[in-house]
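Colleague: Right, I'll just put the structure down here and ask away after.
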Amino acid sequence: MSYSKESLLPLLPLLPLLPLLPLLPLLPLLPLLPLLPLLPLLPLLPLLPLLPLLPLLPLLPLLPLLPLLPLLPLLPLFVCSRIFSISSSAKETKNLMKFISPKVDYAFKKIFGSEQSKDILISFLNAIIYGEEKKIQSLTIANPYNPGQLISLKESYLDIKAVLSDSSIVVIEMQIAPMASFNKRVVYNLAKAYSNQLGTGEDYPILNPVIAVTVTDFILLKKYDEVISQFVFQEKTKKIELFDNELQLIFVELPKFNKALSELNSLTDKWIYFLKEAASLDSIPESLGEVSEIELALNLANQANMTVEELEFVDRRGIMLQDEKGRIAYAKEEGKEEGREEGRLTEAIALVMRLLKKRFGEIPLLISSQIESLALDDLERLTEDIFDLNSLQDLEKWLEALIEYKTNLILR
């Protein structure tokens, strides 16, 4: 076949492509050109069957745990044991108790002076007064604790008065810190409880014995090592007792008691330990709980069984008493400086008492005790105000106003 020059003229534009004519067999491969960048991955082609395992790559760090795989069926048991452990721990925490301190006089009266406290008080008095002999079988609490009538903070002390079945009277008091003329106050309270039995025109035979039990959180008798000490009337040299124990003074000094819980051998030990350590307990120890009266006392002291009002009052009362105790401790640390201050205080008390006697005559013992417990600046203020007072009643009002003023300062 021959072609004319005219018929080849339309192919003339294709002449530049003639060098590509050898590549014409590769034309079917043209659609694969986009895959050209993947050529470096061709060596990985043998790994293509492993592609379905790709989602498991995050689990690769767990490979060392594969030997523990046979223990997997035990996992529910482990979880249950942890839950039980946490539950038990939470239960123990929930069951922890917190007790008010019987050394706070208000708490002391609640525990020993409530209507439901008669068995508690009987057990305590038999242990302290009668060496655990069950001489007291019944008693009446003459001034029972009343939660609806919280006593004012300005009350100097809260005692418990009990009348025994033989008509003897027992006055029980807790004192947290020493105070001026404390010994006189104890004697005064004993004598007052004895003399108040007798009304106008009544005869002496109706008088019944009185016992004053005073628990102190300080050492009162420094030359005497016994925790409990009992005093009666007796002849000075031959120690012959007089008046058949008509009047008795009994002191329980808590700082002298140093036995641990495991060392408590008697009912007396347990009662004194309760008084001293109840606030530090978080449960009822078995050795104390085996005495039903002490267990009841601890339940009365349990903060969970008290009203918010009672707890607030115990807290405030405790702070006030601790502040007073701290003030006394600080005064002792002052040493020589306080010695000079004490001299000034003694002189001020003597001056005030002379002025008062000159103005009003004999001063009642209770007022004298209050004056002897005043601070130096209060005594100085009284010497300035003394000539504005016209009677002992005015003096009593002055002292009451001072106590109220100081109480308000504490409560602010």
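Note on naming: chains are A, B, ... as they come in the structure tokens, residues start from 1 per chain, ligands start from 1 in the order shown.
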For segment 97-107 of chain A, find every residue with an atom within 7 Å (counting only C-alpha atoms), except residues of its own chain fewer than 4 positions away, and show them as a PDB file with C-alpha atoms, in the first residue's frame.

Modeller:
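Here's the written file out05.pdb:
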ATOM      1  CA  ILE A 111     -22.388  10.401 134.101  1.00  0.00           C
ATOM      2  CA  TYR A 157     -18.343  23.751 140.655  1.00  0.00           C
ATOM      3  CA  LEU A 158     -20.981  21.102 140.001  1.00  0.00           C
ATOM      4  CA  MET A 174     -14.661  16.759 140.517  1.00  0.00           C
ATOM      5  CA  ILE A 176      -9.669  19.801 137.610  1.00  0.00           C
ATOM      6  CA  LEU A 275     -12.135   8.784 135.316  1.00  0.00           C
ATOM      7  CA  ALA A 278     -12.134   7.638 129.261  1.00  0.00           C
ATOM      8  CA  ALA A 279     -11.603  10.556 126.861  1.00  0.00           C
ATOM      9  CA  LEU A 281     -10.595   5.557 124.433  1.00  0.00           C
ATOM     10  CA  ASP A 282     -12.141   4.816 121.020  1.00  0.00           C
ATOM     11  CA  SER A 283     -14.110   1.750 122.144  1.00  0.00           C
ATOM     12  CA  ALA A 301     -20.146   9.412 128.108  1.00  0.00           C
ATOM     13  CA  ASN A 302     -20.408   8.403 124.446  1.00  0.00           C
ATOM     14  CA  GLN A 303     -20.707  11.587 122.383  1.00  0.00           C
ATOM     15  CA  VAL A 314     -19.158  20.226 127.562  1.00  0.00           C
ATOM     16  CA  GLY A 318     -13.781  21.940 129.213  1.00  0.00           C
TER      17      GLY A 318
END

Colleague: Among segment 195-387 of chain A, which ones does DSSP place in alpha helix (DSSP H), written as a count of residues only?

Modeller: 95

Colleague: Quick one: residues within 12 Å of Lys135 of chain A, only C-alpha atoms counted, chain neighbours fewer than 5 positions away excluded, as a ChimeraX atom specification?

Modeller: /A:122-130,164-166

Colleague: From the set A:Leu389, A:Val252, A:Asn258, A:Met320, which residue has the shortest atom-to-atom contact distance to Leu409 of chain A, counting only C-alpha atoms?

Modeller: A:Met320

Colleague: Considering only C-alpha atoms, state which residue in the set A:Pro13, A:Leu65, A:Tyr145, A:Ile160 is at the smallest distance from Glu310 of chain A.

Modeller: A:Tyr145

Colleague: From a DSSP calculation on the backbone, collect every residue of segment 154-199 of chain A in strand (DSSP E) and output the set as a count of residues only.

Modeller: 12

Colleague: Atom CA of Thr383 of chain A and atom CA of Val352 of chain A are how many Å apart?

Modeller: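 Computing it gives 6.2 Å between the two atoms.
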
Colleague: Ranking A:Asp225, A:Glu293, A:Asp315, A:Asp217 by minimum distance to Glu277 of chain A and counting only C-alpha atoms, which one comes first?

Modeller: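 Selected residue with least distance to Glu277 of chain A: A:Asp217.
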
Colleague: Which polymer residues have any atom within 10 Å of an atom of Asp385 of chain A, counting only C-alpha atoms, with same-chain residues fewer than 4 positions away left out, as an mmCIF file with C-alpha atoms, in the first residue's frame?

Modeller:
data_model
loop_
_atom_site.group_PDB
_atom_site.id
_atom_site.type_symbol
_atom_site.label_atom_id
_atom_site.label_comp_id
_atom_site.auth_asym_id
_atom_site.auth_seq_id
_atom_site.Cartn_x
_atom_site.Cartn_y
_atom_site.Cartn_z
ATOM 1 C CA LEU A 379 -8.425 43.108 144.229
ATOM 2 C CA GLU A 380 -7.071 46.531 143.358
ATOM 3 C CA ARG A 381 -10.369 47.391 141.657
ATOM 4 C CA LEU A 389 -20.646 49.341 148.767
ATOM 5 C CA LEU A 395 -20.462 43.079 147.869
ATOM 6 C CA TRP A 398 -20.130 43.160 142.887
#
